[in-house]
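Student: Just passing along the structure, written as C-alpha coordinates.
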2 protein chains.
Amino acid sequence: VSDRSQGPRPRVRDQILATTQELIAEGGYAAFTIDALVSASGISKTTVYRWWDNRAHVALDTMHAAYGWPAEPAGDDPISRIRSYLSAEVEYQNGPAGPILRGVFADSQLRPALAETLSRLYLAPRQEAMESLLRAGITGGVLREDLDVPVAALMLSAPLLQTLLGSAAPAPADIADRSVDVLLAGIARPRV
Amino acid sequence: VSDRSQGPRPRVRDQILATTQELIAEGGYAAFTIDALVSASGISKTTVYRWWDNRAHVALDTMHAAYGWPAEPAGDDPISRIRSYLSAEVEYQNGPAGPILRGVFADSQLRPALAETLSRLYLAPRQEAMESLLRAGITGGVLREDLDVPVAALMLSAPLLQTLLGSAAPAPADIADRSVDVLLAGIARPRV
(Lines give C-alpha, C1' and ligand atoms only; values in the text may rest on other atoms or scores of the structure.)
Protein backbone atom coordinates (compact mmCIF):
# COMPACT_ATOMS: atom_id res chain seq x y z
CA VAL A 1 0.00 0.00 0.00
CA SER A 2 1.46 3.32 -1.05
CA ASP A 3 1.38 6.41 1.14
CA ARG A 4 -2.13 7.71 0.65
CA SER A 5 -2.04 10.48 3.20
CA GLN A 6 -2.23 13.19 0.56
CA GLY A 7 -4.97 11.55 -1.51
CA PRO A 8 -5.29 11.77 -5.30
CA ARG A 9 -5.13 15.13 -7.06
CA PRO A 10 -8.58 16.77 -7.13
CA ARG A 11 -8.84 16.43 -10.90
CA VAL A 12 -8.22 12.67 -10.70
CA ARG A 13 -10.60 12.21 -7.80
CA ASP A 14 -13.38 14.22 -9.45
CA GLN A 15 -12.98 12.35 -12.71
CA ILE A 16 -13.05 8.93 -11.03
CA LEU A 17 -16.08 9.70 -8.89
CA ALA A 18 -18.05 11.33 -11.73
CA THR A 19 -17.34 8.43 -14.08
CA THR A 20 -18.29 5.89 -11.42
CA GLN A 21 -21.58 7.67 -10.81
CA GLU A 22 -22.33 7.65 -14.55
CA LEU A 23 -21.47 3.96 -14.97
CA ILE A 24 -23.68 2.94 -12.04
CA ALA A 25 -26.52 5.23 -13.17
CA GLU A 26 -26.42 3.71 -16.65
CA GLY A 27 -25.89 0.01 -15.95
CA GLY A 28 -26.37 -0.53 -12.25
CA TYR A 29 -23.67 -1.69 -9.88
CA ALA A 30 -23.12 -4.85 -11.94
CA ALA A 31 -21.87 -2.72 -14.86
CA PHE A 32 -19.34 -0.97 -12.66
CA THR A 33 -15.94 -2.66 -12.86
CA ILE A 34 -12.45 -1.22 -12.56
CA ASP A 35 -11.88 -2.09 -16.24
CA ALA A 36 -14.99 -0.14 -17.27
CA LEU A 37 -13.89 2.75 -15.07
CA VAL A 38 -10.41 2.85 -16.61
CA SER A 39 -11.84 2.72 -20.09
CA ALA A 40 -14.51 5.41 -19.51
CA SER A 41 -12.43 7.80 -17.41
CA GLY A 42 -9.15 7.66 -19.30
CA ILE A 43 -7.31 7.32 -15.99
CA SER A 44 -4.87 4.44 -15.76
CA LYS A 45 -5.51 1.32 -13.71
CA THR A 46 -2.24 1.96 -11.85
CA THR A 47 -3.51 5.35 -10.72
CA VAL A 48 -6.89 3.93 -9.67
CA TYR A 49 -5.27 1.22 -7.57
CA ARG A 50 -2.79 3.69 -6.13
CA TRP A 51 -5.63 5.53 -4.39
CA TRP A 52 -8.43 2.97 -4.09
CA ASP A 53 -8.32 -0.64 -2.86
CA ASN A 54 -11.07 -2.15 -4.98
CA ARG A 55 -14.35 -1.35 -6.66
CA ALA A 56 -16.25 -1.28 -3.37
CA HIS A 57 -13.89 1.45 -2.18
CA VAL A 58 -14.50 3.55 -5.31
CA ALA A 59 -18.25 2.93 -5.14
CA LEU A 60 -18.57 3.93 -1.48
CA ASP A 61 -16.43 7.06 -1.98
CA THR A 62 -18.69 7.96 -4.90
CA MET A 63 -21.81 7.32 -2.84
CA HIS A 64 -20.58 9.55 -0.02
CA ALA A 65 -19.51 12.29 -2.43
CA ALA A 66 -22.77 12.22 -4.38
CA TYR A 67 -25.36 11.54 -1.69
CA GLY A 68 -23.59 12.61 1.49
CA TRP A 69 -23.84 10.91 4.80
CA PRO A 70 -27.14 10.88 6.61
CA ALA A 71 -27.82 14.36 7.92
CA GLU A 72 -26.53 15.34 11.35
CA PRO A 73 -29.14 14.14 13.81
CA ALA A 74 -31.50 16.92 14.78
CA GLY A 75 -33.34 17.40 18.04
CA ASP A 76 -32.76 18.80 21.47
CA ASP A 77 -32.81 15.62 23.49
CA PRO A 78 -30.93 12.32 23.03
CA ILE A 79 -33.99 10.24 22.11
CA SER A 80 -35.11 12.71 19.43
CA ARG A 81 -31.60 12.64 18.03
CA ILE A 82 -31.63 8.83 17.84
CA ARG A 83 -35.01 8.91 16.08
CA SER A 84 -33.78 11.58 13.69
CA TYR A 85 -30.59 9.68 12.87
CA LEU A 86 -32.45 6.43 12.15
CA SER A 87 -35.11 8.13 10.03
CA ALA A 88 -32.42 9.84 7.96
CA GLU A 89 -30.74 6.45 7.48
CA VAL A 90 -34.00 4.92 6.21
CA GLU A 91 -34.41 7.76 3.72
CA TYR A 92 -30.78 7.42 2.65
CA GLN A 93 -31.10 3.69 2.00
CA ASN A 94 -34.40 4.19 0.18
CA GLY A 95 -32.76 6.77 -2.11
CA PRO A 96 -30.12 6.43 -4.84
CA ALA A 97 -27.52 5.22 -2.32
CA GLY A 98 -29.56 2.04 -1.77
CA PRO A 99 -28.67 0.21 -5.00
CA ILE A 100 -24.97 1.07 -4.54
CA LEU A 101 -25.04 -0.35 -1.01
CA ARG A 102 -26.79 -3.47 -2.24
CA GLY A 103 -24.16 -3.90 -4.94
CA VAL A 104 -21.29 -3.49 -2.50
CA PHE A 105 -22.89 -5.98 -0.09
CA ALA A 106 -23.35 -8.45 -2.93
CA ASP A 107 -19.73 -8.04 -3.99
CA SER A 108 -18.37 -8.47 -0.52
CA GLN A 109 -20.13 -11.80 0.09
CA LEU A 110 -18.08 -13.50 -2.57
CA ARG A 111 -14.82 -11.54 -2.16
CA PRO A 112 -13.68 -11.34 1.48
CA ALA A 113 -11.25 -8.45 0.85
CA LEU A 114 -14.20 -6.25 0.00
CA ALA A 115 -15.93 -7.06 3.30
CA GLU A 116 -13.15 -5.20 5.10
CA THR A 117 -13.70 -2.14 2.88
CA LEU A 118 -17.45 -2.27 3.48
CA SER A 119 -16.99 -2.52 7.21
CA ARG A 120 -14.43 0.29 7.37
CA LEU A 121 -16.27 2.76 5.12
CA TYR A 122 -19.88 1.99 5.91
CA LEU A 123 -20.78 -0.30 8.82
CA ALA A 124 -18.19 0.76 11.40
CA PRO A 125 -18.76 4.54 11.14
CA ARG A 126 -22.52 4.04 11.45
CA GLN A 127 -22.15 1.69 14.40
CA GLU A 128 -19.90 4.28 16.06
CA ALA A 129 -22.35 7.09 15.36
CA MET A 130 -25.21 5.12 16.90
CA GLU A 131 -23.14 4.09 19.92
CA SER A 132 -22.21 7.71 20.45
CA LEU A 133 -25.88 8.77 20.35
CA LEU A 134 -26.73 6.07 22.89
CA ARG A 135 -23.87 7.12 25.18
CA ALA A 136 -25.16 10.69 25.04
CA GLY A 137 -28.49 9.32 26.23
CA ILE A 138 -26.79 7.63 29.19
CA THR A 139 -24.87 10.76 30.08
CA GLY A 140 -28.06 12.77 29.69
CA GLY A 141 -29.82 10.53 32.19
CA VAL A 142 -32.52 9.15 29.89
CA LEU A 143 -30.97 5.75 29.06
CA ARG A 144 -29.99 3.09 31.58
CA GLU A 145 -26.46 3.25 32.90
CA ASP A 146 -25.87 -0.50 32.50
CA LEU A 147 -26.88 -0.48 28.81
CA ASP A 148 -25.08 -2.93 26.50
CA VAL A 149 -24.30 -0.11 24.05
CA PRO A 150 -22.80 -2.11 21.13
CA VAL A 151 -25.68 -4.59 21.04
CA ALA A 152 -28.34 -1.89 21.46
CA ALA A 153 -26.76 0.07 18.57
CA LEU A 154 -26.75 -3.05 16.40
CA MET A 155 -30.40 -3.75 17.23
CA LEU A 156 -31.39 -0.28 16.05
CA SER A 157 -29.51 -0.31 12.75
CA ALA A 158 -29.68 -3.98 11.71
CA PRO A 159 -33.43 -4.02 10.95
CA LEU A 160 -32.85 -1.28 8.36
CA LEU A 161 -30.08 -3.29 6.76
CA GLN A 162 -32.13 -6.49 6.72
CA THR A 163 -34.93 -4.59 5.01
CA LEU A 164 -32.53 -3.12 2.46
CA LEU A 165 -30.92 -6.47 1.62
CA GLY A 166 -33.78 -8.88 2.16
CA SER A 167 -36.88 -7.19 0.90
CA ALA A 168 -38.11 -6.19 -2.51
CA ALA A 169 -40.06 -3.30 -0.95
CA PRO A 170 -38.51 -0.17 0.53
CA ALA A 171 -38.40 0.05 4.31
CA PRO A 172 -41.65 1.33 5.83
CA ALA A 173 -41.30 4.99 6.79
CA ASP A 174 -42.14 4.28 10.42
CA ILE A 175 -39.61 1.48 10.98
CA ALA A 176 -37.19 3.85 12.75
CA ASP A 177 -39.74 5.13 15.27
CA ARG A 178 -41.21 1.69 15.87
CA SER A 179 -37.75 0.24 16.59
CA VAL A 180 -36.97 3.02 19.05
CA ASP A 181 -40.36 2.56 20.72
CA VAL A 182 -39.86 -1.20 21.17
CA LEU A 183 -36.36 -0.73 22.54
CA LEU A 184 -37.28 2.12 24.88
CA ALA A 185 -40.13 0.24 26.50
CA GLY A 186 -38.52 -3.19 26.48
CA ILE A 187 -40.55 -6.28 25.73
CA ALA A 188 -41.00 -7.64 29.27
CA ARG A 189 -44.45 -7.26 30.78
CA PRO A 190 -44.36 -4.35 33.21
CA ARG A 191 -44.77 -5.43 36.83
CA VAL A 192 -47.95 -4.04 38.29
CA VAL B 1 -45.30 -22.23 -13.83
CA SER B 2 -46.20 -25.90 -14.05
CA ASP B 3 -48.16 -27.72 -11.38
CA ARG B 4 -45.56 -28.48 -8.77
CA SER B 5 -47.85 -29.92 -6.15
CA GLN B 6 -46.37 -33.41 -6.51
CA GLY B 7 -42.73 -32.31 -6.54
CA PRO B 8 -39.96 -33.97 -8.57
CA ARG B 9 -39.43 -37.73 -8.41
CA PRO B 10 -37.22 -38.64 -5.41
CA ARG B 11 -34.38 -39.80 -7.68
CA VAL B 12 -34.32 -36.44 -9.49
CA ARG B 13 -34.53 -34.46 -6.29
CA ASP B 14 -31.78 -36.44 -4.57
CA GLN B 15 -29.50 -36.16 -7.59
CA ILE B 16 -30.03 -32.39 -7.90
CA LEU B 17 -29.47 -31.69 -4.21
CA ALA B 18 -26.40 -33.97 -3.94
CA THR B 19 -24.81 -32.43 -7.04
CA THR B 20 -25.52 -28.91 -5.77
CA GLN B 21 -23.91 -29.71 -2.45
CA GLU B 22 -20.81 -31.06 -4.22
CA LEU B 23 -20.50 -28.05 -6.55
CA ILE B 24 -20.76 -25.58 -3.67
CA ALA B 25 -18.38 -27.60 -1.48
CA GLU B 26 -15.81 -27.64 -4.29
CA GLY B 27 -16.03 -24.15 -5.70
CA GLY B 28 -18.14 -22.09 -3.33
CA TYR B 29 -21.46 -20.56 -4.22
CA ALA B 30 -19.90 -18.63 -7.13
CA ALA B 31 -19.16 -21.95 -8.89
CA PHE B 32 -22.76 -23.05 -8.60
CA THR B 33 -24.74 -22.22 -11.71
CA ILE B 34 -27.68 -23.99 -13.33
CA ASP B 35 -25.42 -24.77 -16.31
CA ALA B 36 -22.84 -26.41 -14.03
CA LEU B 37 -25.62 -28.31 -12.28
CA VAL B 38 -27.05 -29.62 -15.55
CA SER B 39 -23.63 -30.67 -16.74
CA ALA B 40 -22.60 -32.39 -13.49
CA SER B 41 -25.92 -34.06 -12.67
CA GLY B 42 -26.91 -35.28 -16.10
CA ILE B 43 -30.43 -33.95 -15.50
CA SER B 44 -31.84 -31.67 -18.18
CA LYS B 45 -32.25 -27.95 -17.76
CA THR B 46 -35.95 -28.32 -18.61
CA THR B 47 -36.40 -30.69 -15.68
CA VAL B 48 -34.47 -28.40 -13.30
CA TYR B 49 -36.60 -25.39 -14.22
CA ARG B 50 -39.76 -27.48 -14.06
CA TRP B 51 -39.26 -27.92 -10.31
CA TRP B 52 -37.05 -25.02 -9.24
CA ASP B 53 -37.34 -21.29 -10.02
CA ASN B 54 -33.67 -20.33 -10.04
CA ARG B 55 -30.33 -21.16 -8.48
CA ALA B 56 -31.24 -19.57 -5.16
CA HIS B 57 -34.21 -21.94 -4.94
CA VAL B 58 -32.00 -25.00 -5.59
CA ALA B 59 -29.34 -23.73 -3.17
CA LEU B 60 -31.79 -23.09 -0.32
CA ASP B 61 -33.49 -26.47 -0.83
CA THR B 62 -30.05 -28.07 -0.70
CA MET B 63 -29.13 -26.14 2.42
CA HIS B 64 -32.32 -27.20 4.19
CA ALA B 65 -31.91 -30.84 3.12
CA ALA B 66 -28.24 -30.99 4.13
CA TYR B 67 -28.12 -28.85 7.26
CA GLY B 68 -31.73 -28.84 8.41
CA TRP B 69 -33.53 -25.92 9.92
CA PRO B 70 -32.42 -24.57 13.25
CA ALA B 71 -33.41 -27.06 15.94
CA GLU B 72 -36.83 -26.80 17.55
CA PRO B 73 -36.46 -24.25 20.33
CA ALA B 74 -35.96 -25.97 23.69
CA GLY B 75 -36.97 -24.74 27.11
CA ASP B 76 -39.99 -24.75 29.37
CA ASP B 77 -40.77 -21.03 29.32
CA PRO B 78 -41.22 -18.59 26.42
CA ILE B 79 -38.04 -16.58 27.13
CA SER B 80 -35.85 -19.69 27.26
CA ARG B 81 -37.36 -20.80 23.98
CA ILE B 82 -36.56 -17.45 22.35
CA ARG B 83 -32.96 -17.64 23.60
CA SER B 84 -32.67 -21.22 22.40
CA TYR B 85 -34.05 -20.39 18.96
CA LEU B 86 -31.69 -17.44 18.46
CA SER B 87 -28.64 -19.36 19.68
CA ALA B 88 -29.44 -22.20 17.28
CA GLU B 89 -29.70 -19.64 14.49
CA VAL B 90 -26.24 -18.22 15.31
CA GLU B 91 -24.76 -21.73 15.22
CA TYR B 92 -26.55 -22.47 11.96
CA GLN B 93 -25.24 -19.31 10.27
CA ASN B 94 -21.72 -19.93 11.61
CA GLY B 95 -21.77 -23.46 10.14
CA PRO B 96 -21.73 -24.72 6.53
CA ALA B 97 -25.08 -23.06 5.81
CA GLY B 98 -23.47 -19.62 6.25
CA PRO B 99 -21.58 -19.45 2.93
CA ILE B 100 -24.66 -20.67 1.04
CA LEU B 101 -26.78 -17.96 2.65
CA ARG B 102 -24.17 -15.35 1.86
CA GLY B 103 -24.10 -16.49 -1.76
CA VAL B 104 -27.89 -16.36 -2.08
CA PHE B 105 -27.98 -12.89 -0.53
CA ALA B 106 -25.27 -11.72 -2.95
CA ASP B 107 -27.18 -13.16 -5.89
CA SER B 108 -30.47 -11.60 -4.88
CA GLN B 109 -29.06 -8.05 -4.65
CA LEU B 110 -28.39 -7.97 -8.36
CA ARG B 111 -31.30 -10.11 -9.54
CA PRO B 112 -34.64 -9.01 -8.04
CA ALA B 113 -36.44 -12.26 -8.92
CA LEU B 114 -34.15 -14.09 -6.52
CA ALA B 115 -35.04 -11.75 -3.66
CA GLU B 116 -38.57 -13.16 -3.71
CA THR B 117 -37.18 -16.71 -3.45
CA LEU B 118 -34.90 -15.71 -0.57
CA SER B 119 -37.74 -14.06 1.27
CA ARG B 120 -40.14 -16.96 0.77
CA LEU B 121 -37.73 -19.77 1.65
CA TYR B 122 -35.56 -18.14 4.30
CA LEU B 123 -36.53 -14.76 5.75
CA ALA B 124 -40.31 -15.10 5.97
CA PRO B 125 -40.38 -18.50 7.74
CA ARG B 126 -37.84 -17.28 10.30
CA GLN B 127 -39.71 -14.04 10.88
CA GLU B 128 -42.90 -16.09 11.40
CA ALA B 129 -41.15 -18.48 13.80
CA MET B 130 -39.84 -15.59 15.89
CA GLU B 131 -43.20 -13.80 15.89
CA SER B 132 -44.85 -17.01 17.05
CA LEU B 133 -42.35 -17.36 19.94
CA LEU B 134 -43.03 -13.74 20.96
CA ARG B 135 -46.80 -14.26 20.82
CA ALA B 136 -46.39 -17.32 23.06
CA GLY B 137 -44.62 -15.02 25.51
CA ILE B 138 -47.54 -12.59 25.45
CA THR B 139 -50.06 -15.39 25.96
CA GLY B 140 -47.86 -16.79 28.72
CA GLY B 141 -47.94 -13.45 30.52
CA VAL B 142 -44.21 -12.68 30.41
CA LEU B 143 -44.18 -10.23 27.48
CA ARG B 144 -46.14 -7.00 27.27
CA GLU B 145 -49.57 -7.22 25.71
CA ASP B 146 -49.07 -4.12 23.56
CA LEU B 147 -45.83 -5.45 22.01
CA ASP B 148 -45.11 -4.50 18.37
CA VAL B 149 -44.48 -8.15 17.50
CA PRO B 150 -43.21 -7.79 13.89
CA VAL B 151 -40.67 -5.10 14.81
CA ALA B 152 -39.52 -6.91 17.96
CA ALA B 153 -39.01 -10.11 15.92
CA LEU B 154 -36.99 -8.20 13.34
CA MET B 155 -34.86 -6.59 16.05
CA LEU B 156 -33.96 -10.02 17.42
CA SER B 157 -33.02 -11.65 14.13
CA ALA B 158 -31.57 -8.74 12.10
CA PRO B 159 -28.37 -8.38 14.19
CA LEU B 160 -27.48 -11.98 13.34
CA LEU B 161 -28.00 -11.29 9.66
CA GLN B 162 -25.98 -8.08 9.75
CA THR B 163 -23.15 -10.00 11.39
CA LEU B 164 -23.35 -12.77 8.77
CA LEU B 165 -23.36 -10.37 5.82
CA GLY B 166 -21.27 -7.51 7.13
CA SER B 167 -18.52 -8.99 9.19
CA ALA B 168 -15.47 -11.05 8.33
CA ALA B 169 -15.66 -12.68 11.79
CA PRO B 170 -18.31 -15.19 12.88
CA ALA B 171 -21.01 -13.86 15.20
CA PRO B 172 -19.96 -13.84 18.86
CA ALA B 173 -21.49 -16.81 20.69
CA ASP B 174 -23.26 -14.55 23.19
CA ILE B 175 -24.94 -12.24 20.67
CA ALA B 176 -28.28 -14.06 21.04
CA ASP B 177 -28.42 -13.77 24.83
CA ARG B 178 -27.19 -10.17 24.81
CA SER B 179 -29.88 -9.17 22.31
CA VAL B 180 -32.61 -10.80 24.38
CA ASP B 181 -31.25 -9.14 27.54
CA VAL B 182 -31.28 -5.66 25.95
CA LEU B 183 -34.77 -6.12 24.58
CA LEU B 184 -36.20 -7.59 27.79
CA ALA B 185 -34.96 -4.76 29.94
CA GLY B 186 -35.50 -1.95 27.46
CA ILE B 187 -33.03 0.87 27.14
CA ALA B 188 -34.90 3.61 29.04
CA ARG B 189 -33.54 4.47 32.46
CA PRO B 190 -35.78 2.84 35.07
CA ARG B 191 -37.77 5.35 37.11
CA VAL B 192 -36.76 5.22 40.74
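As shown in the C-alpha coordinates, the chain order sets the letters A, B, ...; within each chain, residues go from 1, and ligands are also counted from 1 in the order they appear.
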Wanna dump the segment 78-164 of chain A-segment 118-128 of chain B contacts at 12 Å for me, each residue with its shortest atom pair and the distance in Å to one decimal, counting only C-alpha atoms, ordered by chain and number, as a Markdown table?
Tutor:
```
| residue | atom | partner | partner_atom | distance |
| --- | --- | --- | --- | --- |
| A:Pro159 | CA | B:Gln127 | CA | 11.8 |
| A:Gln162 | CA | B:Leu123 | CA | 9.4 |
| A:Thr163 | CA | B:Leu123 | CA | 10.3 |
```
Student: If we count only C-alpha atoms and set the cut-off at 8 Å, which residues sit around segment 188-190 of chain B, ignoring sequence neighbours fewer than 3 positions away in its own chain? Please answer as a ChimeraX atom specification.
Tutor: /A:141-145,183-185
Student: Pick from B:Ile82, B:Ile100, B:Ala25, B:Leu164: nearest to Ala152 of chain B, with only C-alpha atoms counted?
Tutor: B:Ile82
Student: Which residues in segment 18-56 of chain B does DSSP call helix (DSSP H, G or I)? List them as a PyMOL selection string.
Tutor: chain B and resi 18-27+29-31+34-41+45-51+55-56
